[in-house]
Every structure is written in C-alpha cells, then in structure tokens.
Amino acid sequence: MKMTKKNASPLLTEPLIPLAVEFKKKQGHKNGTVLAGDIGGTKTNLALFEYKDGHLTLIKQNSYKTKNHTSLLEIIADFKVEKITKIDSICFGVAGPITKGKVHGTNFPWDIDTDELIKALELKSIYLINDMQANAYGLATLKEKDLDRLKYGSEIAGNAVIISPGTGLGEAGLFWDGTAYHPFASEGGHCDFGPRNDFDLEIWKYFQQKYGHVSWERLLSGQGIRDTYQLIRNVSGEKETDTFKAKMAKEDPAAVITQTALEGLDIVCRETLDLFVRFLAIETAQLALKFKATGGIYIGGGIMPKIIKGMNREIFTDNFMQSGRMNSLLQMVPVNVILNDNTALLGAAYYAAMTLE
C-alpha cells in the first residue's frame, strides 16, 4: 500500500486511553516531523507524520513485505523520505525483545541496532520499542469507533493488557499509576500452552512432536490456525473439496480457513475457528489475572478484526470465565477488540512525537 496525503489523527491531548510517556518536559513539546515504523514478521509499515499543536497529520505511508528485504535500512531507503522533509525524531516498533537498543526479529531474520541506525541516518533521536509496546501507545490515538466490545465489565480503574494474535502472539501490559498508563513490553506469548482437557492434551502432543516447545504463540497465530486445522482434518477424516484445496494453495491458508468457517462452508474450518477463539479466551483470562487488569483487555493483531463479526462470542465469554474462585475478578474485566490496523504505527508515531522537546 502506498499513500501520500494529509490526514489528521485524533488529538493526542485528549486520548481515549490516558498514557504517561517517560520524557522530561521542558517548556512543552516542540512541533516537528516524525518517522514511525511497525516492523512485523509479515509486513513492515512506515509512515511520516507532521506533529503540530497536539495533532499527528499523515504525510506519507507505505507498506512492505518484510521478508522481501534484507534490512530495515533497505526499506527506509525505498521509502525515500529525504525527498520530502527533514525528520526530527524516529520510533520503530519491532516484533522481538529489545535489549540495549538492539533486537533480532522473532519472526524475521534481521538484526536492528539503534547505534547503526543513528550512524546511517545521521539522527540521534531514534528509538526502538517492542511492537506490543507501540500497540499500547497507539491506544492513546483511538476513538470509540476503533473498538468492538467483546465483553462488558465494571468501570474500575486499574492495570490493562494488550494481546495480539497475528503472525505471532504479542502481549504487553499497561501499569496504571492512578492518573495514566505506562506501557511495558513482555514476551508472554512464548510461555507454555497449558491443556485443560484430554483433547487439549492431544493437541499439545501434536504440536510438541512438530515443534518441541509448545507456546501459546504456536496456537494463537496464523501458523497455529493452519496447524490446528490440519490436526482436526486428520482426526475427523473429512475430505477437502477441490475448490477448497485450490484456494489453500493460492491464498493465505489461515485466511482461507477462517473465512470458510465464517461462511459456514466446512465443519473442520468451523471447529478450527471455534478452538482458536476458545484458546484465545483462556490465555486472555490468564493475562487478566496475572496483571489484575480491571482497566481492560485490548485484543489487537491482524486476525480478530477479520473474524469478530462472525465468530461465536459465547465461546469466548464462556471460556474466559473459567477460573474458579477468581471468576468474580474476571467478571469485572472489559474486553475490547482493536479494529484499527494502524494502531502500532500510530503508537510509534505518538512515542516519537513525545520525544520532541
């Protein structure tokens, strides 16, 4: 996707989700131009924004297939930002654990080093943050229309959580200090999947034989949907139609499986989708308990916005409320699905804008 236009974002001074950004303010934030990036295993989105008087205005946005490029610098060069305007600050949200300004992508084969970027781009104000942290900052730019309420809860201030199934499974927390939220990254998606019944155990055995370590990401991701579908197909003995086989060969299998399920055209696809929703509910509830997330759960990523209208919501709510003595706490937790697929990109832009001093 290539886009060059002037679109004003929501006011950052009146966010739906109040966030604290850890930068010292001197005499307020300067206006300026920021480059933001959302770097994931499937695609990398770059966007240039003008930040002025509390607004982010889009100047240019491009999307790239991540694995078609050998480095982030190669993509930045293709973006050709130097022909447009001077950049004052840069922030990239990256899918992977960042340590001392360096990261090796979890689902792509790059190393990204802040010092190398500073040297190559000749700009000191360059920041790397985890992509889920960027997603969390992006909540500050959203409006009510960008959210779909999956489960209602109590209006009790407290910590919040964001979980995003897509190419992988991202998880992050938002600590509530009584006034604003402080986003922080985690790698919780790589924690062990826990079976709850005999069929879950069979699923664990199938994934364990294929991958060794069975994390929640192995199931709650595009690849997880494909693997789960294959297991159920094998067990059921139901045959694929020629039309379905052709679509699976030409298109993204996870998208074909979920769309076929939503259309009610194949029972194995429907069982796969229902199992995905069930597992997502379980892991989401685990996060709610670990973070005492009375401030809410936000589900991002590329999968949920595509299935939210046709999925069985009762499967989610029934399996979310399966924690015994802690069900009373889970009852308080609202769950929202993020519909805006630019949330992480806007979060990186928000972070970069807040560094303009």
# chains A, B, ... in the order shown; residues from 1 in each chain; ligands from 1
$ select_by_dssp --residues "region 102-169 of chain A" --states "alpha helix (DSSP H)" --output "number ranges by chain"
A: 114-121, 131-138
$ write_last_selection --atoms "all heavy atoms" --output "compact mmCIF listing (two decimals), in the first residue's frame"
# COMPACT_ATOMS: atom_id res chain seq x y z
N THR A 114 20.15 0.25 17.21
CA THR A 114 19.90 1.69 17.26
C THR A 114 21.14 2.50 16.88
O THR A 114 21.05 3.49 16.14
CB THR A 114 19.43 2.10 18.67
OG1 THR A 114 18.30 1.31 19.04
CG2 THR A 114 19.04 3.58 18.70
N ASP A 115 22.32 2.09 17.39
CA ASP A 115 23.56 2.83 17.08
C ASP A 115 23.85 2.83 15.58
O ASP A 115 24.29 3.85 15.03
CB ASP A 115 24.74 2.21 17.84
CG ASP A 115 24.66 2.46 19.34
OD1 ASP A 115 23.96 3.40 19.75
OD2 ASP A 115 25.29 1.71 20.10
N GLU A 116 23.60 1.70 14.92
CA GLU A 116 23.82 1.65 13.47
C GLU A 116 22.83 2.54 12.73
O GLU A 116 23.20 3.20 11.73
CB GLU A 116 23.70 0.20 12.98
CG GLU A 116 24.83 -0.70 13.44
CD GLU A 116 24.69 -2.12 12.93
OE1 GLU A 116 23.69 -2.40 12.21
OE2 GLU A 116 25.56 -2.96 13.25
N LEU A 117 21.59 2.60 13.20
CA LEU A 117 20.60 3.47 12.57
C LEU A 117 20.98 4.94 12.75
O LEU A 117 20.86 5.75 11.82
CB LEU A 117 19.22 3.21 13.19
CG LEU A 117 18.58 1.86 12.88
CD1 LEU A 117 17.27 1.72 13.67
CD2 LEU A 117 18.30 1.69 11.39
N ILE A 118 21.42 5.28 13.97
CA ILE A 118 21.84 6.67 14.24
C ILE A 118 22.98 7.07 13.31
O ILE A 118 22.99 8.18 12.74
CB ILE A 118 22.25 6.82 15.72
CG1 ILE A 118 21.00 6.73 16.62
CG2 ILE A 118 22.99 8.13 15.95
CD1 ILE A 118 21.31 6.68 18.10
N LYS A 119 23.94 6.17 13.12
CA LYS A 119 25.09 6.45 12.26
C LYS A 119 24.67 6.57 10.79
O LYS A 119 25.08 7.50 10.09
CB LYS A 119 26.14 5.35 12.41
CG LYS A 119 27.40 5.58 11.62
CD LYS A 119 28.43 4.48 11.88
CE LYS A 119 29.69 4.71 11.06
NZ LYS A 119 30.70 3.64 11.31
N ALA A 120 23.82 5.65 10.34
CA ALA A 120 23.42 5.63 8.93
C ALA A 120 22.48 6.78 8.58
O ALA A 120 22.58 7.35 7.49
CB ALA A 120 22.75 4.30 8.59
N LEU A 121 21.58 7.12 9.50
CA LEU A 121 20.57 8.14 9.21
C LEU A 121 20.97 9.52 9.72
O LEU A 121 20.26 10.50 9.47
CB LEU A 121 19.23 7.72 9.83
CG LEU A 121 18.66 6.39 9.33
CD1 LEU A 121 17.39 6.03 10.08
CD2 LEU A 121 18.40 6.42 7.83
N ASP A 131 7.04 -4.01 19.52
CA ASP A 131 5.84 -3.71 18.74
C ASP A 131 4.58 -3.70 19.59
O ASP A 131 3.64 -2.95 19.32
CB ASP A 131 5.70 -4.69 17.57
CG ASP A 131 5.49 -6.13 18.01
OD1 ASP A 131 6.01 -6.52 19.07
OD2 ASP A 131 4.84 -6.88 17.26
N MET A 132 4.55 -4.52 20.65
CA MET A 132 3.38 -4.53 21.52
C MET A 132 3.34 -3.28 22.40
O MET A 132 2.27 -2.78 22.75
CB MET A 132 3.38 -5.79 22.38
CG MET A 132 3.09 -7.05 21.59
SD MET A 132 1.53 -6.95 20.68
CE MET A 132 0.39 -6.72 22.03
N GLN A 133 4.51 -2.78 22.75
CA GLN A 133 4.58 -1.51 23.47
C GLN A 133 4.06 -0.40 22.56
O GLN A 133 3.30 0.48 23.00
CB GLN A 133 6.02 -1.24 23.89
CG GLN A 133 6.18 -0.19 24.97
CD GLN A 133 7.64 -0.07 25.40
OE1 GLN A 133 8.52 -0.76 24.91
NE2 GLN A 133 7.90 0.83 26.34
N ALA A 134 4.42 -0.47 21.28
CA ALA A 134 3.90 0.51 20.31
C ALA A 134 2.38 0.39 20.19
O ALA A 134 1.67 1.40 20.11
CB ALA A 134 4.56 0.29 18.94
N ASN A 135 1.88 -0.84 20.17
CA ASN A 135 0.43 -1.05 20.15
C ASN A 135 -0.23 -0.39 21.35
O ASN A 135 -1.29 0.23 21.23
CB ASN A 135 0.12 -2.55 20.16
CG ASN A 135 -0.30 -3.09 18.82
OD1 ASN A 135 -1.35 -2.74 18.30
ND2 ASN A 135 0.54 -3.91 18.22
N ALA A 136 0.40 -0.54 22.50
CA ALA A 136 -0.16 0.04 23.73
C ALA A 136 -0.18 1.57 23.65
O ALA A 136 -1.18 2.21 24.01
CB ALA A 136 0.64 -0.42 24.94
N TYR A 137 0.91 2.17 23.17
CA TYR A 137 0.92 3.62 23.00
C TYR A 137 -0.11 4.06 21.97
O TYR A 137 -0.71 5.13 22.08
CB TYR A 137 2.32 4.10 22.58
CG TYR A 137 3.29 4.24 23.73
CD1 TYR A 137 4.39 3.40 23.85
CD2 TYR A 137 3.09 5.22 24.71
CE1 TYR A 137 5.27 3.51 24.91
CE2 TYR A 137 3.97 5.33 25.78
CZ TYR A 137 5.06 4.48 25.87
OH TYR A 137 5.92 4.61 26.92
N GLY A 138 -0.35 3.20 20.98
CA GLY A 138 -1.33 3.54 19.96
C GLY A 138 -2.76 3.63 20.49
O GLY A 138 -3.61 4.27 19.86
$ residues_around --residues "region 250-257 of chain A" --least-positions-apart "6" --cutoff "7 Å" --atoms "only C-alpha atoms" --output "JSON, numbers by chain"
{"A": [222, 225, 226, 269]}
$ select_by_dssp --residues "region 54-200 of chain A" --states "strand (DSSP E)" --output "ChimeraX atom specification"
/A:55-65,89-94,102-104,111-113,126-130,147-151,160-165,169-176,181-185
$ write_last_selection --atoms "N, CA and C atoms" --output "compact mmCIF listing (two decimals), in the first residue's frame"
# COMPACT_ATOMS: atom_id res chain seq x y z
N HIS A 55 -1.53 17.49 17.36
CA HIS A 55 -2.07 16.65 16.31
C HIS A 55 -0.95 15.92 15.56
N LEU A 56 -1.23 14.69 15.16
CA LEU A 56 -0.40 13.98 14.19
C LEU A 56 -1.12 14.01 12.84
N THR A 57 -0.44 14.50 11.81
CA THR A 57 -1.02 14.54 10.48
C THR A 57 -0.19 13.69 9.54
N LEU A 58 -0.81 12.74 8.89
CA LEU A 58 -0.11 11.83 7.99
C LEU A 58 0.38 12.56 6.75
N ILE A 59 1.67 12.38 6.43
CA ILE A 59 2.25 12.93 5.20
C ILE A 59 2.39 11.84 4.14
N LYS A 60 2.92 10.68 4.56
CA LYS A 60 3.16 9.60 3.61
C LYS A 60 3.19 8.28 4.36
N GLN A 61 2.64 7.22 3.73
CA GLN A 61 2.66 5.90 4.35
C GLN A 61 2.85 4.83 3.28
N ASN A 62 3.76 3.88 3.54
CA ASN A 62 3.99 2.74 2.64
C ASN A 62 4.01 1.45 3.44
N SER A 63 3.67 0.35 2.80
CA SER A 63 3.72 -0.97 3.41
C SER A 63 4.60 -1.88 2.57
N TYR A 64 5.43 -2.69 3.24
CA TYR A 64 6.39 -3.58 2.56
C TYR A 64 6.27 -5.00 3.10
N LYS A 65 6.49 -5.99 2.27
CA LYS A 65 6.60 -7.37 2.74
C LYS A 65 7.96 -7.54 3.39
N SER A 89 12.46 13.19 14.65
CA SER A 89 12.53 12.05 15.56
C SER A 89 11.98 10.81 14.87
N ILE A 90 12.51 9.63 15.26
CA ILE A 90 12.10 8.36 14.66
C ILE A 90 11.81 7.36 15.77
N CYS A 91 10.76 6.57 15.60
CA CYS A 91 10.50 5.46 16.50
C CYS A 91 10.01 4.26 15.69
N PHE A 92 10.62 3.10 15.95
CA PHE A 92 10.21 1.86 15.30
C PHE A 92 9.70 0.89 16.36
N GLY A 93 8.51 0.36 16.15
CA GLY A 93 8.01 -0.74 16.96
C GLY A 93 8.40 -2.04 16.28
N VAL A 94 9.09 -2.92 16.99
CA VAL A 94 9.69 -4.12 16.39
C VAL A 94 9.19 -5.37 17.11
N LYS A 102 19.10 -3.02 20.84
CA LYS A 102 19.31 -3.99 19.76
C LYS A 102 18.21 -5.06 19.82
N VAL A 103 17.88 -5.61 18.64
CA VAL A 103 16.87 -6.65 18.58
C VAL A 103 17.12 -7.54 17.38
N HIS A 104 16.87 -8.83 17.57
CA HIS A 104 16.81 -9.77 16.44
C HIS A 104 15.36 -10.17 16.31
N ASP A 111 18.74 -8.27 12.18
CA ASP A 111 19.21 -7.61 13.39
C ASP A 111 19.00 -6.12 13.19
N ILE A 112 18.50 -5.44 14.21
CA ILE A 112 18.34 -3.99 14.16
C ILE A 112 19.07 -3.41 15.35
N ASP A 113 19.92 -2.43 15.10
CA ASP A 113 20.78 -1.83 16.12
C ASP A 113 20.58 -0.32 16.08
N ILE A 126 16.50 8.49 17.65
CA ILE A 126 15.96 7.25 17.08
C ILE A 126 15.70 6.27 18.22
N TYR A 127 14.50 5.72 18.26
CA TYR A 127 14.10 4.86 19.36
C TYR A 127 13.55 3.53 18.83
N LEU A 128 13.96 2.44 19.47
CA LEU A 128 13.37 1.12 19.21
C LEU A 128 12.54 0.74 20.41
N ILE A 129 11.28 0.36 20.17
CA ILE A 129 10.44 -0.17 21.24
C ILE A 129 9.79 -1.45 20.72
N ASN A 130 9.38 -2.30 21.63
CA ASN A 130 8.71 -3.53 21.25
C ASN A 130 7.41 -3.19 20.50
N LEU A 147 -12.93 0.47 18.35
CA LEU A 147 -13.01 -0.67 19.27
C LEU A 147 -14.35 -1.39 19.12
N ASP A 148 -14.32 -2.70 19.30
CA ASP A 148 -15.54 -3.52 19.33
C ASP A 148 -15.57 -4.22 20.68
N ARG A 149 -16.60 -3.94 21.49
CA ARG A 149 -16.69 -4.51 22.83
C ARG A 149 -17.08 -5.98 22.73
N LEU A 150 -16.16 -6.85 23.13
CA LEU A 150 -16.39 -8.29 23.11
C LEU A 150 -17.00 -8.77 24.43
N LYS A 151 -16.63 -8.11 25.52
CA LYS A 151 -17.18 -8.46 26.83
C LYS A 151 -17.26 -7.20 27.69
N ALA A 160 -4.07 -2.57 32.67
CA ALA A 160 -4.69 -3.07 31.45
C ALA A 160 -3.69 -3.97 30.73
N VAL A 161 -4.19 -4.70 29.75
CA VAL A 161 -3.38 -5.67 29.00
C VAL A 161 -3.74 -5.58 27.53
N ILE A 162 -2.75 -5.79 26.67
CA ILE A 162 -3.00 -5.90 25.25
C ILE A 162 -2.42 -7.23 24.77
N ILE A 163 -3.20 -7.97 23.98
CA ILE A 163 -2.78 -9.25 23.42
C ILE A 163 -3.12 -9.25 21.94
N SER A 164 -2.18 -9.67 21.09
CA SER A 164 -2.36 -9.53 19.65
C SER A 164 -1.95 -10.80 18.90
N PRO A 165 -2.92 -11.64 18.54
CA PRO A 165 -2.61 -12.78 17.68
C PRO A 165 -2.55 -12.36 16.22
N LEU A 169 2.25 -14.10 18.46
CA LEU A 169 1.36 -13.69 19.53
C LEU A 169 2.09 -12.71 20.43
N GLY A 170 1.64 -11.46 20.39
CA GLY A 170 2.26 -10.43 21.21
C GLY A 170 1.44 -10.16 22.45
N GLU A 171 2.12 -9.83 23.54
CA GLU A 171 1.45 -9.48 24.79
C GLU A 171 2.21 -8.35 25.47
N ALA A 172 1.48 -7.42 26.06
CA ALA A 172 2.11 -6.32 26.78
C ALA A 172 1.18 -5.86 27.89
N GLY A 173 1.75 -5.17 28.87
CA GLY A 173 0.97 -4.65 29.98
C GLY A 173 0.95 -3.14 30.00
N LEU A 174 -0.05 -2.58 30.68
CA LEU A 174 -0.13 -1.14 30.90
C LEU A 174 -0.37 -0.91 32.38
N PHE A 175 0.67 -0.43 33.07
CA PHE A 175 0.58 -0.19 34.51
C PHE A 175 -0.17 1.12 34.77
N TRP A 176 -1.17 1.07 35.64
CA TRP A 176 -1.97 2.24 35.98
C TRP A 176 -1.43 2.87 37.26
N TYR A 181 -1.54 5.57 32.16
CA TYR A 181 -0.99 4.24 31.92
C TYR A 181 0.47 4.32 31.47
N HIS A 182 1.27 3.33 31.91
CA HIS A 182 2.65 3.19 31.50
C HIS A 182 2.80 1.85 30.77
N PRO A 183 2.88 1.85 29.43
CA PRO A 183 3.02 0.58 28.70
C PRO A 183 4.39 -0.05 28.92
N PHE A 184 4.40 -1.37 28.97
CA PHE A 184 5.68 -2.09 29.04
C PHE A 184 5.55 -3.39 28.25
N ALA A 185 6.68 -3.81 27.68
CA ALA A 185 6.70 -4.99 26.80
C ALA A 185 6.79 -6.27 27.62
$ residues_around --residues "region 277-289 of chain A" --least-positions-apart "4" --cutoff "7 Å" --atoms "only C-alpha atoms" --output "list in words"
Leu220, Leu273, Ala293, Ile315, Phe316, Asn319 and Phe320 of chain A
$ closest_residue --among "A:Gly224, A:Gly101, A:Gly189, A:Gly264" --to "Trp204 (chain A)" --atoms "only C-alpha atoms"
A:Gly224
